[in-house]
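Peer 1: Here it is, the structure, as structure tokens.
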Number of protein chains: 2
Amino acid sequence: MNHDKSKVPVADLENLYKIFTVPESDNSTLGQIDRNISKNLFGFLTDHIVSSPHSFQDLDEHFFKSRVPEKPSFVSDEAEFLLENIVAKSVHTSSPKFIGHMTSALPYFMLPISKMMIALNQNLVKVETSKVFTPLERQVLAMIHRMIYEKDDKFYSENIQNPNTAVGAFCSNGTIANITCLWVALNQLFPVKPGFDGLAEEGLFTAIDEYGYKGAAILVSKRGHYSLQKAANILGLGKKNLIAIDTGSDNRIKIDALEKKIKELKADNIAIAAIVGIAGTTETGSIDPLDDLADIAKRENISFHVDAAWGGPTLFSDKYKHLLKGIEKADSVTFDAHKQMYVPMGAAMAIFKSEKSLHTIEHHANYIIRKGSHDLGRRTLEGSRPGMALLVYSGLKIISRSGYELLINLGIEKAKTFASIIEEQKDFELISEPELNILTYRFIPEDVKAVLENSNEEDTYKINEFINKLTISIQKEQRDAGSSFVSRTSLEPKKYSGQTITVFRVVLANPLTKTSHLYEILEEQRKISQKLMINKIN
Amino acid sequence: MNHDKSKVPVADLENLYKIFTVPESDNSTLGQIDRNISKNLFGFLTDHIVSSPHSFQDLDEHFFKSRVPEKPSFVSDEAEFLLENIVAKSVHTSSPKFIGHMTSALPYFMLPISKMMIALNQNLVKVETSKVFTPLERQVLAMIHRMIYEKDDKFYSENIQNPNTAVGAFCSNGTIANITCLWVALNQLFPVKPGFDGLAEEGLFTAIDEYGYKGAAILVSKRGHYSLQKAANILGLGKKNLIAIDTGSDNRIKIDALEKKIKELKADNIAIAAIVGIAGTTETGSIDPLDDLADIAKRENISFHVDAAWGGPTLFSDKYKHLLKGIEKADSVTFDAHKQMYVPMGAAMAIFKSEKSLHTIEHHANYIIRKGSHDLGRRTLEGSRPGMALLVYSGLKIISRSGYELLINLGIEKAKTFASIIEEQKDFELISEPELNILTYRFIPEDVKAVLENSNEEDTYKINEFINKLTISIQKEQRDAGSSFVSRTSLEPKKYSGQTITVFRVVLANPLTKTSHLYEILEEQRKISQKLMINKIN
């Protein structure tokens with residue numbers, strides 16, 4: 001391609017037309033580039049390391065240019081550049097030893113189906129740019145709704161393709177889903193009444209005033225995801241009004257502490273917009289007692305939302321779905337497909353028990369999302385959205401319930417295995433037992449561990465402070481070495497009287513992770529610690 | 001693949017492992033499926049129709065199942081199903097005669113590069129799952145920032161890769177970008193002061209109270225995008241407090257009406273969170289007088305936000321960027337890449353003049369987005385996000401500024417051409433002149449047009465009501481016929497004393513749309529009208 005505009009402007013325009021035109025044959029330059037990229041990606045995906053060692057300086061070095069390039073590049077040159085500088089320096093989220101975060105391997109069929117989605121470039125905000133993707137997305141939402149709420153056939157046949165109702169909304173991520181659900185809950189707290197046109201029209205200041213409250217709050221355990229803070233912030237409640245309730249040694253919300261806080265808030269005339277239950281805390285995978293929370297919410301007439309971004313797909317498992325008992329009483333549920341449904345990044349859902357809940361956030365315009373239209377954008381927080389529903393749908397059909405059950409069970413049982421392996425070691429300590437497929441632990445040199453077990457409070461504190469630093473160092477060293485990856489967080493285990501303890505955090509969602517990988521990860525941490533201790537002595 | 005779990009559960013698990021494993025050769029079943037999909041997509045993309053005729057019943061028919069399938073399907077069967085029922089029933093957004101919405105053809109190189117993005121499955125919320133995508137995304141934001149604000153080299157070298165500052169945030173869509181910008185503006189309106197910890201902590205009720213206001217509002221012309229209503233709603237201001245200012249006959253905000261409203265609000269003790277200027281209204285492509293708005297905002301000490309979701313890329317054009325003069329004075333700008341940068345759906349940006357603005361919405365957690373970290377998720381409304389920045393980056397390098405200029409100029413000039421063609425017709429009426437590449441018009445039978453031009457007010461009203469119905473019918477018939485597509489909206493042109501007029505709306509962003517296509521679209525509308533009139537008479 002020759003893009004030198006100053007010399008041949010017409011040819012240049014011709015070249016531009018060409019890049020918008022489908023290549024005529026598989027042997028076109030673009031076809032060759034495509035194959036070369038595929039081959040290289042295969043290499044990347046089968047390479048069982050987590051990442052190549054690159055410092056921030058290394059990574060940044062090619063990305064300091066702030067001017068938009070003036071002249072075009074050849075696609076082939078750019079593809080080469082990307083393979084060398086992007087692909088080679090990315091994180092292998094699909095590596096079986098990448099067990100630190102909630103991003104895992106993808107089933108390989110997601111790639112050709114994603115190509116379909118990208119090439120069709122539908123925009124789900126309205127039927128005119130999404131057509132069959134509209135009923136497709138509605139069906140996926142209904143399937144997840146049915147798995148959670150198990151309403152009868154009549155409910156689904158009436159609502160699945162009914163433009164006047166909605167059992168949920170697709171969202172780009174769990175944060176948007178949590179915000180959507182709490183937005184709905186807040187609207188329901190301040191409905192229309194004589195002289196007041198509802199929260200959506202009048203705003204929070206007027207709403208609180210009209211209803212005679214002194215403020216409004218959301219309640220969640222202190223293990224709640226940080227997106228709930230964002231929600232409290234953007235909805236105008238303020239982060240102070242996302243009230244963190246204490247948890248027990250199992251990292252689940254303490255019911256008595258919740259009851260006490262509700263009483264206090266009522267006495268203070270603070271309205272409660274929602275109680276949030278967590279089905280799989282991000283840090284420990286713990287599940288709140290959803291059944292109890294639902295009963296309290298019902299008794300107090302408070303909206304009940306469940307953040308099941310991580311744990312939701314546990315419902316695919318006949319064996320383990322009992323862990324989420326009570327979720328069917330929730331007014332709304334956040335459910336991520338790009339986590340345990342193994343769909344590429346960008347697919348979450350906000351699911352609502354009532355097919356009318358989303359009416360409270362309906363918006364209209366003159367040119368699209370008109371009243372009565374089939375446009376999905378009438379009831380989403382977001383505007384333009386890609387057809388990610390196609391990928392979720394394909395997962396549901398190709399993997400199916402029984403396949404997802406296998407994956408879920410595999411993860412939970414692998415976590416149990418890993419927990420016992422950790423407990424067998426003389427120099428590791430399990431901090432949180434896995435309830436789902438997440439656990440936390442730390443390394444303590446064998447001799448230190450012996451001392452710790454017989455220390456008084458003051459010494460225990462000091463030793464823990466020392467081990468916290470060691471844990472951070474080990475985690476960073478292991479990450480930078482690049483052959484495996486666990487993440488870290490800090491918890492306040494009862495065992496150490498609430499002292500902040502830094503821990504390794506492990507998420508076992510990749511089906512390709514074997515027990516041998518887990519042993520290797522422990523062994524590597526042990527060796528790093530030895531090296532660090534020796535360096536310290538010298 | 002045999003997934004019959006009841007018979008061979010172990011084999012089943014083996015099959016599950018297989019779907020997570022990269023196929024060994026190009027000749028694998030999955031390789032063949034991939035090639036078959038590609039071939040079919042090529043066919044779809046070169047098929048110059050807009051859509052096949054399908055009723056809602058047709059579209060819905062396969063999407064009434066609400067139970068998650070119990071047993072797995074073969075990938076090959078599912079691929080066949082998708083080709084027949086999804087691809088064939090999608091909208092050809094790439095068709096040169098699809099000129100009704102802001103979704104256009106994609107440059108073909110976006111497909112292999114999207115495959116890269118999907119296969120790598122990075123999560124941009126944190127460095128540990130995105131690595132080199134972090135500096136890449138920062139660079140793209142800096143390039144767009146520089147195009148808008150043209151700060152000096154020092155500014156960019158200091159900020160482009162500085163984790164302590166941010167010149168913008170990637171967003172999944174323009175709605176999220178607008179909300180992000182107004183969220184920041186609202187936070188800046190109610191900063192920390194003695195006894196008050198800032199809006200983010202305390203919430204809107206306390207903030208308005210503490211600062212002694214009676215409410216808070218956002219000002220925008222009545223042509224503002226409906227996402228601004230969502231923003232006013234979710235931020236707790238209430239839709240009533242998104243105040244729509246009247247526009248002139250050019251569909252731009254009336255400065256005197258704005259000045260008047262500001263005075264009124266000040267007299268009423270209502271705080272103004274932001275003035276929003278529009279650089280390319282969705283319906284008419286009009287650009288507000290940004291320079292004047294900026295001056296007013298500065299004088300009144302009000303945040304100034306520009307919604308340039310559509311028109312932003314006009315800045316690539318040396319010839320036309322003067323149309324956006326004043327945008328460089330905005331505190332924040334919404335800029336969509338999935339519109340006029342021809343990137344697949346899901347790429348927008350919120351760009352901020354000050355590298356510190358996004359500090360007001362910073363969030364932290366224990367396990368990621370820690371203080372001081374390089375994690376991009378510290379300063380985004382969203383959580384998990386895919387690496388869409390890779391696609392924007394590739395557009396910037398492969399198409400480059402000069403290529404985008406050609407595309408922008410082509411669209412603007414094509415719109416001018418189309419406007420003159422419409423004005424030449426005896427039976428069409430141009431309603432809004434194109435300022436960018438958007439215009440509106442309608443069909444009026446020649447004899448009716450003659451009557452309309454000489455009618456009194458009452459008759460004019462009646463004729464317009466009749467033509468409005470005709471316009472809706474023509475638009476629907478043409479859409480359903482499927483060979484071309486224009487959208488429709490309603491405006492209140494001064495010419496008809498503010499009567500609501502339904503119009504065809506045309507967006508000329510596809511470089512493959514030729515003048516001959518435009519003539520064909522007019523001719524089809526003329527014929528549909530004749531058919532409708534005959535049907536009415538009979």
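Residue numbering restarts at 1 in every chain; chains get A, B, ... in the order shown in the structure tokens, and ligands count up from 1 in that same order.
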Fewer than 6 positions away in the same chain doesn't count, so skip those; otherwise give me all residues within 9 Å of stretch 446-450 of chain A, counting only C-alpha atoms, as an MDAnalysis selection string.

Peer 2: chainID A and resid 426:429 463

Peer 1: For the structure I just gave you, how does DSSP split stretch 276-369 of chain B - specifically, which residues are helix (DSSP H, G or I)? Reply as a list in words.

Peer 2: Leu290, Asp291, Asp292, Leu293, Ala294, Asp295, Ile296, Ala297, Lys298, Arg299, Glu300, Gly312, Pro313, Thr314, Leu315, Phe316, Lys321, His322, Leu323, Leu324, Ile327, Glu328, Lys329, Ser357, Leu358, His359, Thr360 and Ile361 of chain B

Peer 1: Output C-alpha atoms for every residue in that selection, as a PDB file, in the first residue's frame.

Peer 2:
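Once everything was written out, this is again-v9.pdb:
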```
ATOM      1  CA  LEU B 290     -17.829  25.423  21.753  1.00  0.00           C
ATOM      2  CA  ASP B 291     -15.669  28.523  22.007  1.00  0.00           C
ATOM      3  CA  ASP B 292     -18.542  30.600  23.390  1.00  0.00           C
ATOM      4  CA  LEU B 293     -19.601  27.860  25.761  1.00  0.00           C
ATOM      5  CA  ALA B 294     -16.050  27.557  27.052  1.00  0.00           C
ATOM      6  CA  ASP B 295     -15.890  31.280  27.740  1.00  0.00           C
ATOM      7  CA  ILE B 296     -19.177  31.274  29.620  1.00  0.00           C
ATOM      8  CA  ALA B 297     -18.137  28.235  31.647  1.00  0.00           C
ATOM      9  CA  LYS B 298     -14.861  29.896  32.531  1.00  0.00           C
ATOM     10  CA  ARG B 299     -16.493  33.186  33.501  1.00  0.00           C
ATOM     11  CA  GLU B 300     -19.040  31.382  35.677  1.00  0.00           C
ATOM     12  CA  GLY B 312     -14.356  13.992  17.875  1.00  0.00           C
ATOM     13  CA  PRO B 313     -12.470  12.333  15.007  1.00  0.00           C
ATOM     14  CA  THR B 314     -13.083  15.488  12.917  1.00  0.00           C
ATOM     15  CA  LEU B 315      -9.895  16.624  14.677  1.00  0.00           C
ATOM     16  CA  PHE B 316      -7.960  14.234  12.423  1.00  0.00           C
ATOM     17  CA  LYS B 321     -10.969  20.544  12.581  1.00  0.00           C
ATOM     18  CA  HIS B 322     -11.744  24.258  12.843  1.00  0.00           C
ATOM     19  CA  LEU B 323     -15.402  23.195  13.237  1.00  0.00           C
ATOM     20  CA  LEU B 324     -14.532  22.003  16.749  1.00  0.00           C
ATOM     21  CA  ILE B 327     -12.946  21.871  22.358  1.00  0.00           C
ATOM     22  CA  GLU B 328      -9.397  22.449  23.654  1.00  0.00           C
ATOM     23  CA  LYS B 329     -10.891  24.530  26.471  1.00  0.00           C
ATOM     24  CA  SER B 357      -9.117  15.223  37.274  1.00  0.00           C
ATOM     25  CA  LEU B 358      -9.577  11.471  37.543  1.00  0.00           C
ATOM     26  CA  HIS B 359      -8.100  11.529  41.057  1.00  0.00           C
ATOM     27  CA  THR B 360     -11.525  12.540  42.325  1.00  0.00           C
ATOM     28  CA  ILE B 361     -12.982   9.138  41.447  1.00  0.00           C
TER      29      ILE B 361
END
```

Peer 1: Neighbouring residues of stretch 62-72 of chain B were defined as those with any atom within 7 Å, considering only C-alpha atoms; residues of the same chain fewer than 5 positions away were excluded. Please report them as a ChimeraX atom specification.

Peer 2: /A:135-136,139,142-143,146,156-157,160,396-403 /B:3

Peer 1: Please, which residues of stretch 69-269 of chain B, numbered as in this document, come out strand (DSSP E or B) from DSSP, as a list in words?

Peer 2: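 For stretch 69-269 of chain B, the strand (DSSP E or B) set is Phe98, Gly168, Ala169, Phe170, Cys171, Lys193, Phe196, Gly215, Ala216, Ala217, Ile218, Leu219, Val220, Ser221, Leu242, Ile243, Ala244, Ile245, Thr247 and Ile253 of chain B.
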
Peer 1: Residues at most 8 Å from A:Ile243, counting only C-alpha atoms, excluding those fewer than 2 positions away in the same chain, as a PyMOL selection string?

Peer 2: chain A and resi 217-221+240-241+245

Peer 1: Output N, CA, C and O atoms for every residue in that selection, as a JSON list (two decimals), in the first residue's frame.

Peer 2:
```
[["chain", "number", "residue", "atom", "x", "y", "z"],
["A", 217, "ALA", "N", -28.62, 4.36, 52.82],
["A", 217, "ALA", "CA", -27.42, 3.52, 52.94],
["A", 217, "ALA", "C", -27.61, 2.16, 52.25],
["A", 217, "ALA", "O", -28.73, 1.75, 51.95],
["A", 218, "ILE", "N", -26.49, 1.51, 51.99],
["A", 218, "ILE", "CA", -26.47, 0.13, 51.48],
["A", 218, "ILE", "C", -25.63, -0.69, 52.46],
["A", 218, "ILE", "O", -24.59, -0.23, 52.92],
["A", 219, "LEU", "N", -26.07, -1.90, 52.75],
["A", 219, "LEU", "CA", -25.36, -2.75, 53.70],
["A", 219, "LEU", "C", -24.74, -3.97, 53.02],
["A", 219, "LEU", "O", -25.41, -4.66, 52.25],
["A", 220, "VAL", "N", -23.49, -4.22, 53.33],
["A", 220, "VAL", "CA", -22.79, -5.39, 52.77],
["A", 220, "VAL", "C", -21.68, -5.79, 53.74],
["A", 220, "VAL", "O", -21.23, -4.96, 54.53],
["A", 221, "SER", "N", -21.25, -7.03, 53.69],
["A", 221, "SER", "CA", -20.16, -7.43, 54.57],
["A", 221, "SER", "C", -18.88, -6.70, 54.18],
["A", 221, "SER", "O", -18.75, -6.21, 53.06],
["A", 240, "LYS", "N", -19.36, 6.62, 52.53],
["A", 240, "LYS", "CA", -19.63, 6.43, 53.96],
["A", 240, "LYS", "C", -20.93, 5.68, 54.19],
["A", 240, "LYS", "O", -21.13, 5.07, 55.23],
["A", 241, "ASN", "N", -21.82, 5.76, 53.21],
["A", 241, "ASN", "CA", -23.12, 5.12, 53.35],
["A", 241, "ASN", "C", -23.18, 3.74, 52.72],
["A", 241, "ASN", "O", -24.26, 3.15, 52.61],
["A", 245, "ILE", "N", -20.37, -4.47, 57.15],
["A", 245, "ILE", "CA", -20.73, -5.25, 58.33],
["A", 245, "ILE", "C", -19.61, -6.27, 58.59],
["A", 245, "ILE", "O", -19.04, -6.84, 57.66]]
```

Peer 1: Give me, as a PyMOL selection string, all polymer residues having an atom no more than 7 Å from stretch 365-372 of chain A, counting only C-alpha atoms and skipping those fewer than 6 positions away in the same chain.

Peer 2: (chain A and resi 126+163-164+378) or (chain B and resi 226+488-490)

Peer 1: Kindly indicate which residue among A:Leu186, A:Leu532, A:Leu522, A:Leu199 lies nearest to chain B, using only C-alpha atoms for the distances.

Peer 2: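 Distance minimum relative to chain B lands on A:Leu199.
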
Peer 1: Within 12 Å of stretch 80-98 of chain A, which residues of stretch 430-501 of chain A come that close, and what is the closest atom pair and distance in Å for each? Count only C-alpha atoms and give it as CSV.

Peer 2:
```
residue,atom,partner,partner_atom,distance
A:Gln478,CA,A:Phe98,CA,11.1
A:Arg479,CA,A:Phe98,CA,9.5
A:Asp480,CA,A:Val91,CA,11.3
A:Gly482,CA,A:Val91,CA,9.0
A:Ser483,CA,A:Lys97,CA,7.2
A:Ser484,CA,A:Lys97,CA,4.8
A:Phe485,CA,A:Phe98,CA,4.8
A:Val486,CA,A:Phe98,CA,6.8
A:Ser487,CA,A:Phe98,CA,9.3
```

Peer 1: Do you know which residues are at most 10 Å from A:Ser227 counting only C-alpha atoms, after dropping those on the same chain fewer than 6 positions away, and could you put them as a list of chain:residue names?

Peer 2: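 In the requested form, the answer reads A:Gly174, A:Thr175, A:Ile176, A:Ala177, A:Asn178, A:Ile179, A:Asn233, B:His363, B:His364, B:Ala365, B:Leu381, B:Glu382, B:Gly383.
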
Peer 1: For the atom pair atom CA of B:Ile528 and atom CA of B:Leu470, what is the interatomic distance in Å to one decimal place?

Peer 2: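 Spanning atom CA of B:Ile528 to atom CA of B:Leu470 is a straight-line distance of 9.9 Å.
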
Peer 1: By how many Å are atom CA of B:Ile408 and atom CA of A:Thr129 apart?

Peer 2: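 Pair atom CA of B:Ile408 / atom CA of A:Thr129 returns 22.1 Å.
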
Peer 1: For A:Thr471, please output as a ChimeraX atom specification all residues within 7 Å (counting only C-alpha atoms; exclusion window: fewer than 5 positions along the same chain).

Peer 2: /A:442-443,502-503

Peer 1: What separation in Å, quoted to one decimal, exists between atom CA of B:Asp318 and atom CA of B:Leu407?

Peer 2: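 Computing the Euclidean distance for atom CA of B:Asp318 and atom CA of B:Leu407 yields 12.1 Å.
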